[in-house]
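As stored in coords_32.csv (CSV, C-alpha atoms and all ligand atoms):
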chain,number,residue,atom,x,y,z
A,1,MET,CA,-51.1,-125.2,37.3
A,2,LEU,CA,-50.8,-128.2,35.1
A,3,VAL,CA,-47.2,-128.7,36.2
A,4,THR,CA,-47.8,-128.0,39.9
A,5,ALA,CA,-50.9,-130.2,40.1
A,6,PHE,CA,-48.8,-133.1,38.6
A,7,CYS,CA,-45.9,-132.4,41.0
A,8,SER,CA,-48.3,-132.5,43.9
A,9,LEU,CA,-49.2,-136.1,42.9
A,10,ILE,CA,-45.6,-137.0,43.2
A,11,ALA,CA,-45.2,-135.3,46.6
A,12,LEU,CA,-48.3,-137.1,47.9
A,13,ALA,CA,-47.0,-140.5,46.6
A,14,CYS,CA,-43.7,-139.9,48.5
A,15,GLY,CA,-45.5,-138.9,51.7
A,16,LEU,CA,-43.8,-135.5,51.7
A,17,GLN,CA,-45.4,-133.0,54.1
A,18,THR,CA,-45.2,-129.3,53.5
A,19,GLU,CA,-46.8,-126.6,55.6
A,20,ASP,CA,-47.7,-123.8,53.3
A,21,ARG,CA,-51.2,-123.2,52.2
A,22,SER,CA,-50.7,-123.6,48.5
A,23,SER,CA,-49.2,-127.1,48.8
A,24,ARG,CA,-52.1,-128.1,51.2
A,25,LEU,CA,-54.5,-127.0,48.5
A,26,LEU,CA,-52.5,-128.9,45.8
A,27,ASN,CA,-52.5,-132.0,48.0
A,28,ALA,CA,-56.2,-131.7,48.4
A,29,ALA,CA,-56.5,-131.5,44.6
A,30,ALA,CA,-54.3,-134.6,44.3
A,31,LEU,CA,-56.4,-136.4,46.8
A,32,ARG,CA,-59.5,-135.8,44.7
A,33,VAL,CA,-58.0,-138.0,42.0
A,34,ALA,CA,-56.3,-140.5,44.3
A,35,ASN,CA,-58.8,-143.2,43.7
A,36,VAL,CA,-58.2,-143.2,39.9
A,37,PRO,CA,-56.2,-146.4,39.0
A,38,SER,CA,-53.4,-145.7,36.5
A,39,SER,CA,-50.9,-142.8,36.8
A,40,ALA,CA,-51.8,-141.7,33.3
A,41,ALA,CA,-55.5,-141.5,34.3
A,42,LYS,CA,-54.4,-139.5,37.4
A,43,ARG,CA,-52.5,-137.1,35.2
A,44,ARG,CA,-55.5,-136.7,32.9
A,45,SER,CA,-57.8,-136.1,35.7
A,46,SER,CA,-55.6,-133.5,37.3
A,47,VAL,CA,-55.3,-131.8,34.0
A,48,ARG,CA,-59.0,-131.6,33.8
A,49,GLY,CA,-59.0,-130.2,37.3
A,50,ALA,CA,-56.6,-127.4,36.3
A,51,ALA,CA,-58.9,-126.6,33.3
A,52,LYS,CA,-61.9,-126.5,35.7
A,53,ASP,CA,-60.1,-124.0,38.0
A,54,HIS,CA,-60.5,-121.5,35.2
A,55,LEU,CA,-64.3,-121.9,35.3
A,56,ARG,CA,-64.5,-120.8,38.9
A,57,ARG,CA,-63.4,-117.3,38.1
A,58,SER,CA,-66.1,-114.9,37.1
A,59,PHE,CA,-65.4,-112.6,34.2
A,60,ARG,CA,-67.9,-110.0,33.2
A,61,PRO,CA,-69.3,-110.0,29.7
A,62,GLY,CA,-66.9,-107.9,27.6
A,63,HIS,CA,-63.9,-109.1,29.6
A,64,VAL,CA,-61.1,-110.3,27.3
A,65,ASN,CA,-61.4,-113.8,28.8
A,66,TYR,CA,-65.2,-114.1,29.0
A,67,ARG,CA,-65.7,-115.7,25.7
A,68,ILE,CA,-62.7,-118.0,26.1
A,69,GLN,CA,-64.0,-119.2,29.5
A,70,LYS,CA,-67.4,-119.9,27.9
A,71,GLU,CA,-65.8,-122.0,25.2
A,72,LEU,CA,-63.7,-123.8,27.7
A,73,LYS,CA,-66.8,-124.6,29.8
A,74,ASP,CA,-68.6,-125.9,26.7
A,75,PHE,CA,-65.5,-127.9,25.7
A,76,LEU,CA,-65.3,-129.6,29.2
A,77,THR,CA,-69.1,-130.2,29.4
A,78,THR,CA,-69.4,-131.7,25.9
A,79,PRO,CA,-65.9,-132.6,24.7
A,80,PRO,CA,-65.9,-133.1,20.9
A,81,ASP,CA,-65.2,-136.8,19.9
A,82,HIS,CA,-61.6,-137.7,19.7
A,83,CYS,CA,-60.5,-134.5,21.4
A,84,GLU,CA,-58.9,-134.0,24.8
A,85,ILE,CA,-58.0,-130.7,26.3
A,86,ALA,CA,-55.3,-129.5,28.7
A,87,VAL,CA,-55.1,-125.9,29.9
A,88,GLY,CA,-52.3,-124.7,32.2
A,89,SER,CA,-52.3,-121.5,34.3
A,90,ASN,CA,-53.0,-119.3,31.3
A,91,ILE,CA,-56.6,-119.7,30.1
A,92,ARG,CA,-55.5,-118.2,26.7
A,93,VAL,CA,-53.3,-121.2,25.8
A,94,TRP,CA,-54.8,-124.6,25.3
A,95,ILE,CA,-53.4,-127.9,24.1
A,96,ILE,CA,-55.9,-130.2,22.4
A,97,THR,CA,-54.9,-133.8,21.7
A,98,LEU,CA,-56.6,-135.3,18.7
A,99,THR,CA,-56.8,-139.1,18.3
A,100,GLY,CA,-57.0,-140.3,14.7
A,101,VAL,CA,-60.4,-141.7,13.9
A,102,GLU,CA,-61.0,-145.4,13.3
A,103,GLY,CA,-60.8,-146.5,9.7
A,104,THR,CA,-58.6,-143.5,8.6
A,105,LEU,CA,-54.9,-143.2,7.9
A,106,TYR,CA,-54.3,-141.8,11.3
A,107,GLU,CA,-56.4,-144.3,13.4
A,108,GLY,CA,-55.3,-144.3,17.0
A,109,GLU,CA,-52.4,-141.8,16.4
A,110,LYS,CA,-52.3,-138.9,18.8
A,111,TYR,CA,-51.4,-135.4,17.7
A,112,ARG,CA,-51.3,-132.2,19.8
A,113,LEU,CA,-52.7,-128.9,18.7
A,114,LYS,CA,-51.5,-125.8,20.3
A,115,ILE,CA,-54.1,-123.0,20.6
A,116,VAL,CA,-53.2,-119.4,21.4
A,117,PHE,CA,-56.0,-116.8,21.6
A,118,PRO,CA,-54.8,-113.5,20.3
A,119,PRO,CA,-55.8,-110.3,22.2
A,120,GLU,CA,-58.4,-109.5,19.4
A,121,TYR,CA,-60.1,-112.9,19.7
A,122,PRO,CA,-62.8,-113.6,18.5
A,123,LEU,CA,-62.5,-110.8,15.9
A,124,LYS,CA,-59.2,-112.4,14.9
A,125,PRO,CA,-58.9,-116.2,14.5
A,126,PRO,CA,-57.2,-118.3,17.2
A,127,ILE,CA,-53.6,-119.3,16.4
A,128,ILE,CA,-53.6,-123.1,15.9
A,129,TYR,CA,-50.8,-125.3,14.9
A,130,PHE,CA,-49.5,-128.9,15.5
A,131,LEU,CA,-46.8,-129.5,18.1
A,132,GLN,CA,-44.0,-131.9,17.1
A,133,PRO,CA,-44.2,-134.7,16.0
A,134,THR,CA,-46.7,-133.4,13.5
A,135,PRO,CA,-49.0,-135.6,11.3
A,136,ARG,CA,-47.7,-136.1,7.8
A,137,HIS,CA,-50.6,-134.6,5.8
A,138,PRO,CA,-50.8,-132.5,2.5
A,139,HIS,CA,-52.1,-129.5,4.5
A,140,VAL,CA,-49.7,-129.7,7.5
A,141,TYR,CA,-46.2,-128.2,7.1
A,142,SER,CA,-43.4,-129.9,9.0
A,143,ASN,CA,-43.2,-126.8,11.3
A,144,GLY,CA,-46.7,-127.6,12.5
A,145,ASP,CA,-48.6,-124.9,10.6
A,146,ILE,CA,-51.9,-126.0,9.1
A,147,CYS,CA,-53.2,-124.7,5.8
A,148,LEU,CA,-56.8,-124.2,6.6
A,149,ASN,CA,-59.0,-121.4,5.4
A,150,LEU,CA,-60.9,-121.3,8.7
A,151,LEU,CA,-57.7,-120.1,10.4
A,152,GLY,CA,-57.3,-117.2,8.1
A,153,THR,CA,-59.6,-115.7,5.5
A,154,ASP,CA,-62.7,-117.7,6.4
A,155,TRP,CA,-62.6,-117.3,10.2
A,156,LYS,CA,-65.8,-116.0,11.7
A,157,PRO,CA,-66.4,-114.9,15.3
A,158,THR,CA,-69.3,-117.4,15.4
A,159,LEU,CA,-66.9,-120.3,15.0
A,160,THR,CA,-65.3,-121.8,18.1
A,161,VAL,CA,-62.0,-123.6,18.8
A,162,ALA,CA,-64.0,-126.8,19.3
A,163,SER,CA,-65.5,-126.5,15.8
A,164,VAL,CA,-62.1,-125.7,14.2
A,165,ALA,CA,-60.5,-128.7,16.1
A,166,LEU,CA,-63.2,-130.9,14.6
A,167,SER,CA,-62.5,-129.5,11.1
A,168,ILE,CA,-58.8,-130.3,11.5
A,169,LEU,CA,-59.7,-133.8,12.6
A,170,SER,CA,-61.9,-134.3,9.6
A,171,MET,CA,-59.2,-132.8,7.4
A,172,LEU,CA,-56.9,-135.6,8.7
A,173,SER,CA,-59.7,-138.2,8.3
A,174,SER,CA,-60.2,-137.4,4.6
A,175,ALA,CA,-56.6,-137.8,3.7
A,176,LYS,CA,-55.9,-140.4,1.0
A,177,GLU,CA,-52.2,-140.4,1.4
A,178,LYS,CA,-49.7,-139.3,4.2
A,179,LYS,CA,-47.6,-136.8,2.4
A,180,LEU,CA,-46.2,-133.3,3.1
A,181,PRO,CA,-47.5,-130.1,1.4
A,182,LEU,CA,-45.9,-129.6,-2.0
A,183,ASP,CA,-44.4,-126.3,-0.8
A,184,ASN,CA,-43.2,-127.6,2.5
A,185,ALA,CA,-39.7,-126.5,1.9
A,186,SER,CA,-40.6,-122.9,1.2
A,187,HIS,CA,-42.6,-122.5,4.4
A,188,ALA,CA,-41.5,-124.9,7.1
A,189,ASP,CA,-38.4,-123.0,8.2
A,190,LEU,CA,-40.8,-120.3,9.6
A,191,LYS,CA,-41.8,-120.3,13.2
A,192,ALA,CA,-45.2,-122.0,13.5
A,193,GLY,CA,-48.2,-119.9,14.5
A,194,GLY,CA,-47.9,-116.9,12.2
A,195,GLN,CA,-51.1,-115.1,11.3
A,196,GLN,CA,-52.7,-116.5,8.1
A,197,HIS,CA,-54.6,-113.4,7.0
A,198,ASN,CA,-52.6,-113.0,3.8
A,199,TRP,CA,-52.4,-116.7,3.0
A,200,MET,CA,-53.6,-118.1,-0.3
A,201,TYR,CA,-55.9,-121.1,0.0
A,202,HIS,CA,-56.0,-123.2,-3.1
A,203,ASP,CA,-59.1,-125.2,-2.3
A,204,ASP,CA,-57.9,-128.6,-1.2
A,205,LYS,CA,-54.6,-128.3,-3.0
A,206,CYS,CA,-52.5,-126.0,-0.9
A,301,LIG,C1,-40.0,-129.5,5.1
A,301,LIG,O1,-39.3,-128.4,4.9
A,301,LIG,C2,-38.4,-128.0,5.9
A,301,LIG,C3,-37.8,-126.6,5.6
A,301,LIG,O2,-37.1,-126.6,4.4
A,301,LIG,C4,-37.3,-129.0,6.1
A,301,LIG,O3,-36.4,-128.7,7.2
A,301,LIG,C5,-38.0,-130.3,6.4
A,301,LIG,O4,-37.0,-131.4,6.5
A,301,LIG,C6,-39.0,-130.7,5.4
A,301,LIG,N1,-39.6,-131.9,5.8
A,301,LIG,C7,-39.5,-133.0,5.2
A,301,LIG,C8,-40.0,-134.2,5.9
A,301,LIG,O5,-39.1,-133.1,4.1

Can you give me the file's structure in the form of structure tokens?
Amino acid sequence: MLVTAFCSLIALACGLQTEDRSSRLLNAAALRVANVPSSAAKRRSSVRGAAKDHLRRSFRPGHVNYRIQKELKDFLTTPPDHCEIAVGSNIRVWIITLTGVEGTLYEGEKYRLKIVFPPEYPLKPPIIYFLQPTPRHPHVYSNGDICLNLLGTDWKPTLTVASVALSILSMLSSAKEKKLPLDNASHADLKAGGQQHNWMYHDDKC
């Protein structure tokens, strides 16, 4: 949806006409954002539109997407500061763009978190890691994995992705030096996003 909504903006700009119903719908979606000035703003707006499409479906309590939809709704209604969300056609995969906070080492820099909800969510934590390019930080491996207890042993179903994203942002904000984890070399060849249930967290030193 993210991709198709964006493509429809291009089709509209070129005046292409297509007959089938889905492209008419997509053009209608593009028209809704046609008065937004810059193309970057258009793209952001259509991304939000795609995320909002997920809110129109009604899941019953207990449905595997019910809780995620609620979190998405809360995120869109009250976006945490310095966080922007994009959701494609799968409600269970989010991208959150963090913007480094003023007065910190990462001020104005943008980093993308990938969020994948496992089938057992929220009993199991969400899988969250940085996409490339990753921030250089003592708790962020160069493959994107984040050493954060909330993503493993200290996850609780009462936490949300928004609250974890803010914890990650504050983890960036409190850095005194941009450097890699000491054990980067022994971890960073792994594929990012593995479960952290057996990780060791050495307070702030891992
Ligand atoms: C971190 O470790 C990985 C895996 O050994 C390595 O490929 C990568 O270059 C390291 N990153 C840096 C910036 O040293």

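Interatomic distance, CA of Gly100 (chain A) to CA of Lys124 (chain A): 28.0 Å.
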
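From CA of Ser58 (chain A) back to CA of Leu151 (chain A), the distance works out to 28.5 Å.
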
Set the distance at 12 Å and use only C-alpha atoms: which residues neighbour Arg67 (chain A) once local chain neighbours fewer than 2 positions away are removed? I'd like the list as a ChimeraX atom specification.
/A:55,58-65,69-74,91-92,117,119-123,157-161

Dump of C-alpha atoms for the selected residues, as a PDB file, in the coordinates of the input:
ATOM      1  CA  LEU A  55     -64.300-121.900  35.300  1.00  0.00           C
ATOM      2  CA  SER A  58     -66.100-114.900  37.100  1.00  0.00           C
ATOM      3  CA  PHE A  59     -65.400-112.600  34.200  1.00  0.00           C
ATOM      4  CA  ARG A  60     -67.900-110.000  33.200  1.00  0.00           C
ATOM      5  CA  PRO A  61     -69.300-110.000  29.700  1.00  0.00           C
ATOM      6  CA  GLY A  62     -66.900-107.900  27.600  1.00  0.00           C
ATOM      7  CA  HIS A  63     -63.900-109.100  29.600  1.00  0.00           C
ATOM      8  CA  VAL A  64     -61.100-110.300  27.300  1.00  0.00           C
ATOM      9  CA  ASN A  65     -61.400-113.800  28.800  1.00  0.00           C
ATOM     10  CA  GLN A  69     -64.000-119.200  29.500  1.00  0.00           C
ATOM     11  CA  LYS A  70     -67.400-119.900  27.900  1.00  0.00           C
ATOM     12  CA  GLU A  71     -65.800-122.000  25.200  1.00  0.00           C
ATOM     13  CA  LEU A  72     -63.700-123.800  27.700  1.00  0.00           C
ATOM     14  CA  LYS A  73     -66.800-124.600  29.800  1.00  0.00           C
ATOM     15  CA  ASP A  74     -68.600-125.900  26.700  1.00  0.00           C
ATOM     16  CA  ILE A  91     -56.600-119.700  30.100  1.00  0.00           C
ATOM     17  CA  ARG A  92     -55.500-118.200  26.700  1.00  0.00           C
ATOM     18  CA  PHE A 117     -56.000-116.800  21.600  1.00  0.00           C
ATOM     19  CA  PRO A 119     -55.800-110.300  22.200  1.00  0.00           C
ATOM     20  CA  GLU A 120     -58.400-109.500  19.400  1.00  0.00           C
ATOM     21  CA  TYR A 121     -60.100-112.900  19.700  1.00  0.00           C
ATOM     22  CA  PRO A 122     -62.800-113.600  18.500  1.00  0.00           C
ATOM     23  CA  LEU A 123     -62.500-110.800  15.900  1.00  0.00           C
ATOM     24  CA  PRO A 157     -66.400-114.900  15.300  1.00  0.00           C
ATOM     25  CA  THR A 158     -69.300-117.400  15.400  1.00  0.00           C
ATOM     26  CA  LEU A 159     -66.900-120.300  15.000  1.00  0.00           C
ATOM     27  CA  THR A 160     -65.300-121.800  18.100  1.00  0.00           C
ATOM     28  CA  VAL A 161     -62.000-123.600  18.800  1.00  0.00           C
TER      29      VAL A 161
END

Residues contacting ligand LIG 301 (chain A) - anything with an atom at most 7 Å away, using all atoms listed in the file - can you give me those as a ChimeraX atom specification?
/A:141-142,180,184-189

Selection as a PyMOL selection string: residues within 10 Å of (-59.3, -132.4, 10.1), counting all atoms listed in the file:
chain A and resi 98+100+137+139+146+148+164-175

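Point (-62.6, -134.7, 25.3) has the following residues at most 12 Å away: A:Arg44, A:Ser45, A:Val47, A:Arg48, A:Ala51, A:Leu72, A:Lys73, A:Asp74, A:Phe75, A:Leu76, A:Thr77, A:Thr78, A:Pro79, A:Pro80, A:Asp81, A:His82, A:Cys83, A:Glu84, A:Ile85, A:Ala86, A:Ile95, A:Ile96, A:Thr97, A:Leu98, A:Thr99, A:Ala162, A:Ala165, A:Leu166 (atoms considered: only C-alpha atoms).
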
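Relative to CA of Asn149 (chain A), CA of Trp94 (chain A) is found at 20.6 Å.
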
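Using only C-alpha atoms, the nearest neighbour of Pro138 (chain A) within the list A:Leu105, A:Gly194, A:Lys178, A:Ile68 is A:Lys178.
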
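Between Ser163 (chain A) and the candidates A:Asp145, A:Pro126, A:Lys176, A:Asp183, the tightest atom-to-atom separation, counting all atoms listed in the file, involves A:Pro126.
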
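Counting all atoms listed in the file, the residue from A:Pro181, A:Pro133, A:Gly103, A:Gly193 that sits nearest to Ile115 (chain A) is A:Gly193.
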
Shortest interatomic distance to Val87 (chain A) - which of A:Arg57, A:Arg136, A:Lys156, A:Lys114, counting all atoms listed in the file:
A:Lys114
